[in-house]
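Pasting data.cif here (mmCIF, C-alpha atoms):
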```cif
data_model
loop_
_atom_site.label_atom_id
_atom_site.label_comp_id
_atom_site.auth_asym_id
_atom_site.auth_seq_id
_atom_site.Cartn_x
_atom_site.Cartn_y
_atom_site.Cartn_z
CA MET A 1 104.96 81.93 83.26
CA LYS A 2 107.92 84.09 82.24
CA ASP A 3 110.79 84.66 84.63
CA GLU A 4 110.67 87.60 87.00
CA LYS A 5 112.59 90.15 84.92
CA GLU A 6 110.74 89.36 81.70
CA LEU A 7 107.39 89.45 83.48
CA ARG A 8 108.18 92.79 85.11
CA ALA A 9 109.25 94.27 81.78
CA ARG A 10 106.00 93.21 80.15
CA LEU A 11 103.95 94.49 83.06
CA PHE A 12 105.70 97.85 83.01
CA GLU A 13 104.90 98.11 79.29
CA ALA A 14 101.24 97.50 80.11
CA LEU A 15 101.24 100.38 82.60
CA ALA A 16 101.63 102.95 79.84
CA LYS A 17 98.21 102.09 78.39
CA PHE A 18 96.39 103.41 81.48
CA GLU A 19 98.59 106.32 82.59
CA LYS A 20 96.28 109.20 81.66
CA GLU A 21 93.18 107.46 83.02
CA ILE A 22 94.85 106.68 86.35
CA TYR A 23 96.07 110.23 86.90
CA ALA A 24 92.60 111.48 86.01
CA LEU A 25 91.08 109.00 88.48
CA SER A 26 93.34 110.12 91.32
CA ASP A 27 92.76 113.81 90.55
CA PHE A 28 89.00 113.22 90.46
CA MET A 29 89.06 111.63 93.90
CA ALA A 30 91.32 114.38 95.26
CA ALA A 31 88.88 117.02 93.99
CA ASN A 32 85.85 115.13 95.35
CA PRO A 33 86.86 113.84 98.80
CA GLU A 34 84.38 111.49 100.46
CA LEU A 35 84.36 110.20 104.02
CA GLY A 36 84.46 106.53 104.92
CA ARG A 37 81.48 104.46 103.71
CA GLU A 38 80.34 107.47 101.69
CA GLU A 39 82.84 107.01 98.82
CA PHE A 40 80.11 106.54 96.22
CA LYS A 41 81.74 108.67 93.51
CA ALA A 42 85.19 107.17 94.06
CA SER A 43 84.06 103.53 94.10
CA ALA A 44 81.83 104.05 91.05
CA ALA A 45 84.69 105.64 89.10
CA ILE A 46 87.08 102.80 89.98
CA VAL A 47 84.59 100.04 89.20
CA GLU A 48 83.71 101.66 85.88
CA LEU A 49 87.40 101.68 84.91
CA LEU A 50 87.91 98.06 85.96
CA ARG A 51 84.84 96.80 84.13
CA LYS A 52 85.65 98.81 81.03
CA ASN A 53 88.92 96.91 80.81
CA GLY A 54 87.43 93.47 81.27
CA ILE A 55 87.82 92.88 85.01
CA GLU A 56 84.69 91.28 86.44
CA THR A 57 83.92 93.35 89.54
CA GLU A 58 81.47 92.79 92.39
CA ILE A 59 79.94 95.82 94.11
CA PRO A 60 78.71 96.08 96.85
CA PHE A 61 81.18 93.70 98.48
CA ASP A 62 81.08 91.98 101.88
CA GLY A 63 78.19 94.16 102.96
CA PHE A 64 79.89 97.48 102.16
CA GLU A 65 78.03 99.64 99.65
CA THR A 66 81.27 101.26 98.54
CA GLY A 67 83.40 98.11 98.76
CA PHE A 68 84.22 96.08 95.66
CA CYS A 69 86.20 93.09 94.45
CA GLY A 70 87.53 92.72 90.91
CA ARG A 71 88.79 89.25 89.98
CA ILE A 72 91.59 88.48 87.53
CA ASN A 73 91.98 84.78 86.62
CA PRO A 74 89.23 83.73 89.05
CA ASP A 75 89.91 80.05 88.33
CA LYS A 76 93.49 80.19 89.70
CA LYS A 77 93.99 78.81 93.21
CA ARG A 78 97.19 80.75 93.86
CA ARG A 79 95.94 84.28 94.50
CA ALA A 80 97.03 87.60 95.91
CA ALA A 81 94.97 90.62 96.95
CA LEU A 82 95.78 94.18 95.94
CA LEU A 83 94.06 96.57 98.33
CA ALA A 84 92.69 99.96 97.30
CA GLU A 85 91.79 102.72 99.75
CA TYR A 86 89.88 105.84 98.65
CA ASP A 87 88.32 107.51 101.69
CA ALA A 88 89.21 111.04 102.80
CA LEU A 89 89.73 112.70 106.16
CA GLN A 90 87.12 114.77 107.97
CA GLY A 91 87.70 118.42 107.06
CA MET A 92 91.06 117.77 105.37
CA GLY A 93 90.26 116.06 102.08
CA HIS A 94 92.80 113.49 100.88
CA ALA A 95 95.42 114.44 103.45
CA CYS A 96 96.33 110.76 103.77
CA GLY A 97 96.77 110.32 100.02
CA HIS A 98 94.25 107.52 99.55
CA CYS A 99 93.25 108.99 96.19
CA ALA A 100 96.81 108.29 95.01
CA SER A 101 97.50 104.99 96.78
CA GLY A 102 94.13 103.56 95.73
CA SER A 103 94.78 104.59 92.13
CA ALA A 104 98.17 102.87 92.24
CA SER A 105 96.57 99.56 93.27
CA VAL A 106 93.97 99.89 90.51
CA TRP A 107 96.71 100.66 87.98
CA ALA A 108 98.70 97.58 88.98
CA ALA A 109 95.58 95.44 88.66
CA LEU A 110 94.88 96.78 85.16
CA ALA A 111 98.44 95.97 84.07
CA LEU A 112 98.21 92.43 85.49
CA ASN A 113 94.90 91.93 83.73
CA GLU A 114 96.55 92.77 80.40
CA LEU A 115 98.79 89.72 80.87
CA ARG A 116 96.24 87.50 82.58
CA ASP A 117 96.56 84.67 80.03
CA GLU A 118 100.30 84.47 80.73
CA LEU A 119 99.97 84.34 84.52
CA ASP A 120 99.77 81.14 86.55
CA PHE A 121 98.21 83.03 89.47
CA GLY A 122 95.17 85.17 90.09
CA ILE A 123 94.75 88.67 91.51
CA ASP A 124 91.82 90.24 93.32
CA ILE A 125 91.66 94.03 93.48
CA ILE A 126 89.68 94.74 96.64
CA GLY A 127 88.21 98.15 97.41
CA THR A 128 88.46 98.64 101.18
CA PRO A 129 86.41 101.66 102.32
CA ASP A 130 86.64 103.67 105.49
CA GLU A 131 90.22 103.11 106.62
CA GLU A 132 90.27 106.41 108.51
CA ARG A 133 87.33 105.94 110.84
CA ARG A 134 86.10 102.39 111.38
CA GLY A 135 88.36 100.25 109.21
CA ALA A 136 86.50 98.12 106.67
CA LYS A 137 89.46 95.75 106.49
CA CYS A 138 88.80 94.80 110.13
CA TYR A 139 85.31 93.63 109.27
CA MET A 140 86.47 91.94 106.07
CA ALA A 141 89.22 90.15 107.99
CA ASP A 142 86.71 88.93 110.59
CA ASP A 143 84.51 87.69 107.74
CA GLY A 144 87.37 85.55 106.41
CA ILE A 145 87.93 87.54 103.23
CA PHE A 146 91.74 87.33 103.53
CA ASP A 147 92.05 83.76 104.77
CA HIS A 148 92.99 82.16 101.47
CA TYR A 149 95.36 84.65 99.84
CA ASP A 150 99.08 84.02 99.46
CA PHE A 151 99.59 87.63 100.49
CA ALA A 152 97.94 91.06 100.35
CA ALA A 153 99.62 94.30 99.33
CA MET A 154 99.20 98.02 98.89
CA VAL A 155 101.52 101.03 98.88
CA HIS A 156 100.74 104.06 101.04
CA MET A 157 101.86 107.58 100.21
CA GLY A 158 104.10 109.54 102.57
CA PRO A 159 106.84 112.16 102.84
CA VAL A 160 109.58 109.58 102.14
CA SER A 161 109.89 106.12 100.66
CA THR A 162 110.45 103.43 103.29
CA VAL A 163 109.63 99.88 104.29
CA ASP A 164 109.25 101.08 107.89
CA ALA A 165 105.52 101.49 108.12
CA LYS A 166 105.13 101.07 111.87
CA MET A 167 101.45 100.31 112.06
CA ILE A 168 100.80 99.68 115.74
CA ALA A 169 97.73 98.26 117.46
CA LEU A 170 94.91 100.67 118.29
CA ASP A 171 91.74 100.69 120.38
CA GLY A 172 89.22 103.51 120.08
CA LEU A 173 86.77 104.38 122.85
CA ASN A 174 83.78 106.67 123.14
CA ILE A 175 83.23 107.56 126.80
CA ARG A 176 80.21 109.40 128.23
CA TRP A 177 79.78 110.53 131.83
CA HIS A 178 76.28 111.35 132.99
CA GLY A 179 75.75 113.70 135.92
CA ARG A 180 72.88 115.89 137.09
CA ALA A 181 72.23 119.44 135.98
CA ALA A 182 71.69 122.15 138.59
CA HIS A 183 71.98 125.91 138.90
CA ALA A 184 75.67 126.45 139.55
CA ALA A 185 75.09 129.46 141.84
CA SER A 186 71.83 128.82 143.67
CA ALA A 187 71.91 125.03 144.05
CA PRO A 188 75.34 123.56 143.18
CA GLN A 189 74.86 120.91 145.88
CA GLU A 190 72.08 119.43 143.75
CA GLY A 191 74.36 118.89 140.78
CA ILE A 192 76.70 116.10 139.69
CA ASN A 193 79.42 117.48 137.44
CA ALA A 194 80.07 115.21 134.46
CA PHE A 195 82.81 117.54 133.22
CA ASN A 196 84.73 117.01 136.45
CA ALA A 197 84.69 113.28 135.72
CA ALA A 198 86.17 113.89 132.27
CA ARG A 199 88.88 116.11 133.79
CA LEU A 200 89.79 113.45 136.32
CA PHE A 201 89.90 110.85 133.56
CA PHE A 202 92.51 112.80 131.57
CA ASP A 203 94.60 113.31 134.71
CA ALA A 204 94.39 109.61 135.50
CA VAL A 205 95.49 108.43 132.05
CA ASP A 206 98.35 110.93 132.16
CA MET A 207 99.54 109.20 135.34
CA MET A 208 99.52 105.89 133.47
CA ARG A 209 102.18 106.97 130.99
CA GLN A 210 105.22 106.28 133.18
CA HIS A 211 104.04 102.73 133.89
CA ILE A 212 103.25 101.38 130.42
CA VAL A 213 105.51 100.40 127.52
CA GLN A 214 107.44 103.41 126.28
CA GLU A 215 106.16 103.11 122.72
CA ALA A 216 102.50 103.30 123.77
CA ARG A 217 100.42 106.32 122.79
CA LEU A 218 97.42 107.74 124.68
CA HIS A 219 95.46 110.60 123.17
CA GLY A 220 91.93 111.91 122.90
CA TYR A 221 89.72 114.96 122.94
CA LEU A 222 86.71 116.37 124.77
CA ARG A 223 83.66 116.31 122.48
CA SER A 224 81.22 117.98 124.87
CA ALA A 225 81.36 119.30 128.43
CA GLY A 226 78.33 121.42 129.19
CA THR A 227 76.15 124.10 127.65
CA ALA A 228 76.42 127.16 129.90
CA ALA A 229 78.71 128.46 132.63
CA ASN A 230 75.91 128.69 135.19
CA ILE A 231 74.67 125.14 134.73
CA VAL A 232 76.42 122.14 136.27
CA PRO A 233 77.30 119.96 133.25
CA ASP A 234 75.21 116.81 133.22
CA LEU A 235 77.00 115.25 130.23
CA ALA A 236 80.63 115.02 129.16
CA GLU A 237 81.84 113.04 126.16
CA VAL A 238 85.35 112.00 125.19
CA THR A 239 86.76 110.13 122.20
CA PHE A 240 89.99 108.43 123.20
CA LEU A 241 92.62 106.31 121.42
CA ALA A 242 95.11 103.92 123.00
CA ARG A 243 97.96 102.44 120.96
CA ALA A 244 100.86 100.05 121.50
CA PRO A 245 103.25 98.20 119.20
CA LYS A 246 101.64 94.82 119.92
CA ARG A 247 98.09 93.75 120.60
CA LYS A 248 99.15 91.70 123.65
CA ASP A 249 100.45 94.89 125.31
CA LEU A 250 97.55 97.06 124.25
CA ASN A 251 94.85 94.83 125.74
CA GLY A 252 96.06 95.58 129.27
CA ILE A 253 96.54 99.28 128.55
CA THR A 254 93.00 99.63 127.21
CA ALA A 255 91.60 97.84 130.25
CA TRP A 256 93.49 100.33 132.44
CA VAL A 257 92.09 103.28 130.46
CA LYS A 258 88.59 101.92 131.08
CA ASP A 259 89.40 101.64 134.79
CA CYS A 260 90.39 105.32 134.79
CA ALA A 261 87.02 106.21 133.27
CA GLN A 262 85.19 104.15 135.90
CA ALA A 263 87.28 105.61 138.74
CA ALA A 264 86.55 109.17 137.56
CA ALA A 265 82.85 108.37 137.61
CA MET A 266 83.07 106.95 141.15
CA ALA A 267 85.01 109.97 142.41
CA THR A 268 82.42 112.44 141.12
CA HIS A 269 79.27 110.32 141.66
CA ALA A 270 78.64 110.35 137.93
CA THR A 271 77.76 107.30 135.87
CA VAL A 272 79.77 106.28 132.82
CA GLU A 273 79.20 104.52 129.50
CA ILE A 274 82.17 103.11 127.59
CA GLU A 275 81.86 101.71 124.09
CA PRO A 276 84.31 101.01 121.26
CA SER A 277 84.44 103.61 118.51
CA GLY A 278 85.16 100.84 116.01
CA LEU A 279 86.78 97.45 115.78
CA PRO A 280 90.30 97.11 117.20
CA PHE A 281 93.18 97.71 114.79
CA HIS A 282 96.01 95.18 115.11
CA GLU A 283 99.72 95.63 114.50
CA LEU A 284 101.40 95.05 111.14
CA TYR A 285 104.23 92.51 111.17
CA ILE A 286 107.26 92.93 108.91
CA SER A 287 109.25 89.69 108.71
CA GLU A 288 112.94 89.59 107.87
CA ALA A 289 112.24 87.92 104.54
CA GLY A 290 109.50 90.45 103.86
CA ARG A 291 111.79 93.36 104.71
CA ARG A 292 114.51 92.12 102.37
CA LEU A 293 111.93 91.65 99.63
CA MET A 294 110.52 95.16 100.03
CA GLU A 295 114.02 96.65 100.00
CA GLU A 296 114.82 94.72 96.79
CA CYS A 297 111.66 96.08 95.17
CA PHE A 298 112.79 99.64 95.91
CA ALA A 299 116.26 98.84 94.59
CA ASP A 300 114.87 97.41 91.35
CA LEU A 301 113.00 100.69 90.80
CA GLY A 302 116.12 102.74 91.51
CA ILE A 303 114.60 104.24 94.66
CA VAL A 304 116.72 104.55 97.79
CA PRO A 305 114.36 104.13 100.76
CA ASP A 306 114.80 106.11 103.96
CA ASN A 307 114.66 103.09 106.25
CA GLY A 308 115.15 103.18 109.99
CA THR A 309 115.22 106.95 110.37
CA VAL A 310 111.95 108.65 109.41
CA GLY A 311 109.46 105.91 108.69
CA MET A 312 105.80 106.32 109.56
CA THR A 313 104.16 105.52 112.89
CA GLY A 314 100.40 105.19 113.05
CA SER A 315 97.65 102.59 113.00
CA SER A 316 95.73 101.05 110.16
CA ASP A 317 93.31 98.23 109.50
CA ILE A 318 96.05 96.67 107.35
CA GLY A 319 97.23 95.05 110.59
CA ASN A 320 93.98 93.08 110.77
CA VAL A 321 94.64 91.76 107.27
CA ASP A 322 98.09 90.68 108.44
CA TYR A 323 96.53 88.45 111.10
CA HIS A 324 95.17 86.32 108.23
CA CYS A 325 97.86 86.47 105.52
CA PRO A 326 101.19 88.26 105.01
CA ALA A 327 100.45 91.92 104.28
CA PHE A 328 102.81 94.38 102.59
CA HIS A 329 102.38 98.11 103.24
CA PRO A 330 105.51 100.10 102.24
CA ILE A 331 105.47 103.88 101.93
CA MET A 332 106.15 105.72 98.67
CA GLY A 333 107.45 109.29 98.91
CA ILE A 334 105.50 111.99 97.08
CA GLY A 335 108.57 114.17 96.51
CA ARG A 336 107.56 116.64 99.20
CA PRO A 337 108.52 116.63 102.91
CA TYR A 338 104.92 116.98 104.09
CA GLN A 339 103.56 114.56 106.69
CA CYS A 340 100.29 112.74 106.16
CA HIS A 341 97.17 114.18 107.80
CA THR A 342 98.19 117.77 107.04
CA VAL A 343 96.60 120.36 104.79
CA GLU A 344 99.88 120.63 102.87
CA PHE A 345 99.79 116.92 102.02
CA ALA A 346 96.25 117.20 100.67
CA GLU A 347 97.12 120.25 98.59
CA VAL A 348 99.79 118.43 96.54
CA MET A 349 97.72 115.41 95.59
CA GLN A 350 97.10 116.71 92.06
CA THR A 351 100.72 117.56 91.24
CA ASP A 352 103.20 115.94 88.86
CA GLU A 353 105.23 114.74 91.86
CA THR A 354 102.26 112.82 93.23
CA HIS A 355 101.52 111.41 89.78
CA ALA A 356 105.09 110.14 89.68
CA ALA A 357 104.60 108.56 93.12
CA ILE A 358 101.47 106.79 91.85
CA LYS A 359 103.48 105.31 88.97
CA ASN A 360 106.26 104.28 91.36
CA ALA A 361 103.72 102.65 93.68
CA ALA A 362 102.02 100.72 90.87
CA SER A 363 105.44 99.60 89.58
CA TYR A 364 106.33 98.52 93.11
CA LEU A 365 103.25 96.33 93.40
CA LEU A 366 103.97 94.70 90.05
CA THR A 367 107.57 94.07 91.09
CA LEU A 368 106.41 92.52 94.38
CA CYS A 369 103.97 90.18 92.63
CA ALA A 370 106.53 89.18 90.01
CA LYS A 371 109.19 88.37 92.61
CA LEU A 372 106.92 86.35 94.87
CA TYR A 373 105.28 84.29 92.15
CA ALA A 374 108.52 83.70 90.23
CA ASP A 375 110.29 82.40 93.36
CA GLN A 376 108.28 79.83 95.27
CA GLU A 377 111.01 79.49 97.91
CA LEU A 378 110.81 83.21 98.64
CA LEU A 379 107.03 83.10 98.92
CA ALA A 380 107.26 80.06 101.20
CA ALA A 381 109.83 81.81 103.42
CA VAL A 382 107.63 84.89 103.78
CA GLN A 383 104.62 82.76 104.61
CA GLU A 384 106.52 80.59 107.11
CA GLU A 385 107.97 83.56 109.00
CA HIS A 386 104.53 85.12 109.11
CA ARG A 387 102.92 81.90 110.32
CA ALA A 388 105.53 81.41 113.04
CA TYR A 389 105.07 84.97 114.34
CA ARG A 390 101.30 84.84 114.38
CA ASN A 391 101.16 81.39 115.94
CA ALA A 392 103.49 82.55 118.69
#
```
Starting from the file, lay out its structure as structure tokens.
Amino acid sequence: MKDEKELRARLFEALAKFEKEIYALSDFMAANPELGREEFKASAAIVELLRKNGIETEIPFDGFETGFCGRINPDKKRRAALLAEYDALQGMGHACGHCASGSASVWAALALNELRDELDFGIDIIGTPDEERRGAKCYMADDGIFDHYDFAAMVHMGPVSTVDAKMIALDGLNIRWHGRAAHAASAPQEGINAFNAARLFFDAVDMMRQHIVQEARLHGYLRSAGTAANIVPDLAEVTFLARAPKRKDLNGITAWVKDCAQAAAMATHATVEIEPSGLPFHELYISEAGRRLMEECFADLGIVPDNGTVGMTGSSDIGNVDYHCPAFHPIMGIGRPYQCHTVEFAEVMQTDETHAAIKNAASYLLTLCAKLYADQELLAAVQEEHRAYRNA
């Protein structure tokens, strides 16, 4: 295989062949947003593009109708995974930019495939549906999909470019309190107020905040709390999220949140059901070697990242991938100061600035792959730091 700089130069040349198709792909997904596990148009468009250019692609993949896996150099034992997201947000379209970030991963895979005969490693481009709601990567990770990769990588879109993607652990809960309906004026003594239980629950978790790690986040909303003012509510439903920087901290916090739900039920004589709203999301680890590598990739592209100041704090199923192999998830700025999960972010997905960010993200992924596979000591250092952290 060529050295890093020569390989990157050749890969960057290969990008030009697909530029118009990739921008069209991203714009198509932005104009046709689909929710998680319903991304039939997006996955079909991506798979058609991969297959047209000679990448053997499996769909459905790992039990997901809209999941896929395209394999480049399937006979190579040394392999990396490029991850593509393409689901939208409820009511907000592609306000998280998955149309753009997914297109960047596809673009990088197409460029690598152009040079496949010159590579001594293989690449899988994996379509990972439903990041926003239930996290397909969680299920794929549990199924062992990421156990044998040297690393996995994607680039997310954001208001600034940074390596500081602070993806913290998350647990989602659906909580339902059941009471007993009664006429609120003529027979209130016959009723059990499920809404009162939900109110007590929110007060109780608010009291938790001063006694848990400072970086934890507790937030949720009331989905239902009655049907009429003169009827004692017999059902109240809440969707609630608990987050913390590390899974080991979050486990105790989530158990406490569940205790608050049970206590609210006891105090109001209601009954309660608690169930997960999806699989747990784990934290993403950024090793020192990985951080230096990601910063060098930005530098090689002439991009000055905004590290340590703005960053991005949230949760993603990328953390579950990172429990099985080193996972890279830097943020690429779209040239606008808009935060993800806003209408403004969704509205600029089909602009020249976002197209430029897609090209930067694809170039970043190619640079990352070239550096890691051209320098076995670097790859070994990243893997060893990751292994030591996870084993601890």
Go through A:His329, A:His282, A:Arg51, A:Lys17 one by one, measure the shortest atom-to-atom distance of each to Leu365 (chain A) using all atoms listed in the file, and give the residue with the smallest value.
->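 Smallest distance to Leu365 (chain A) is found for A:His329.
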Choose the residue, out of A:Arg336, A:His355, A:Arg223, A:Lys371, that has the smallest atom-to-atom separation from Ala24 (chain A); count all atoms listed in the file.
-> A:His355
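Using all atoms listed in the file, the shortest contact distance between Thr367 (chain A) and any of A:Asn193, A:Phe298, A:Asn391, A:Ile126 is found at A:Phe298.
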Interatomic distance (Å, one decimal) between CA of Ala185 (chain A) and CA of Ala265 (chain A) =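 Between CA of Ala185 (chain A) and CA of Ala265 (chain A) the gap is 22.9 Å.
Going from CA of Leu368 (chain A) over to CA of Leu89 (chain A), you cover 28.7 Å.
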What is the CA of Glu114 (chain A)-CA of Pro326 (chain A) distance in Å, reported with one decimal?
->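 Value for the CA of Glu114 (chain A)-CA of Pro326 (chain A) distance: 25.4 Å.
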Run the PyMOL selection byres ((chain A and resi 165-171) around 7) against the file shown and list the residues it catches, as a PDB file with C-alpha atoms, in the coordinates of the input.
```pdb
ATOM      1  CA  VAL A 163     109.630  99.880 104.290  1.00  0.00           C
ATOM      2  CA  ASP A 164     109.250 101.080 107.890  1.00  0.00           C
ATOM      3  CA  GLY A 172      89.220 103.510 120.080  1.00  0.00           C
ATOM      4  CA  LEU A 173      86.770 104.380 122.850  1.00  0.00           C
ATOM      5  CA  LEU A 241      92.620 106.310 121.420  1.00  0.00           C
ATOM      6  CA  ALA A 242      95.110 103.920 123.000  1.00  0.00           C
ATOM      7  CA  ARG A 243      97.960 102.440 120.960  1.00  0.00           C
ATOM      8  CA  ALA A 244     100.860 100.050 121.500  1.00  0.00           C
ATOM      9  CA  PRO A 245     103.250  98.200 119.200  1.00  0.00           C
ATOM     10  CA  LYS A 246     101.640  94.820 119.920  1.00  0.00           C
ATOM     11  CA  ARG A 247      98.090  93.750 120.600  1.00  0.00           C
ATOM     12  CA  LEU A 250      97.550  97.060 124.250  1.00  0.00           C
ATOM     13  CA  PRO A 280      90.300  97.110 117.200  1.00  0.00           C
ATOM     14  CA  PHE A 281      93.180  97.710 114.790  1.00  0.00           C
ATOM     15  CA  HIS A 282      96.010  95.180 115.110  1.00  0.00           C
ATOM     16  CA  GLU A 283      99.720  95.630 114.500  1.00  0.00           C
ATOM     17  CA  LEU A 284     101.400  95.050 111.140  1.00  0.00           C
ATOM     18  CA  GLY A 311     109.460 105.910 108.690  1.00  0.00           C
ATOM     19  CA  MET A 312     105.800 106.320 109.560  1.00  0.00           C
ATOM     20  CA  THR A 313     104.160 105.520 112.890  1.00  0.00           C
ATOM     21  CA  GLY A 314     100.400 105.190 113.050  1.00  0.00           C
ATOM     22  CA  SER A 315      97.650 102.590 113.000  1.00  0.00           C
ATOM     23  CA  SER A 316      95.730 101.050 110.160  1.00  0.00           C
ATOM     24  CA  GLY A 319      97.230  95.050 110.590  1.00  0.00           C
ATOM     25  CA  HIS A 329     102.380  98.110 103.240  1.00  0.00           C
ATOM     26  CA  PRO A 330     105.510 100.100 102.240  1.00  0.00           C
ATOM     27  CA  ILE A 331     105.470 103.880 101.930  1.00  0.00           C
TER      28      ILE A 331
END
```
Between A:Phe240, A:Phe328, A:Phe28, A:Phe151, which has the minimum distance to Tyr285 (chain A) (counting only C-alpha atoms)?
->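 Ranking A:Phe240, A:Phe328, A:Phe28, A:Phe151 by distance to Tyr285 (chain A), first place goes to A:Phe328.
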Picked residues, the PyMOL selection byres ((chain A and resi 33-41) around 8), as an NGL selection string | :A and (29-32 or 42-45 or 64-66 or 86-90 or 93-94 or 129-134)
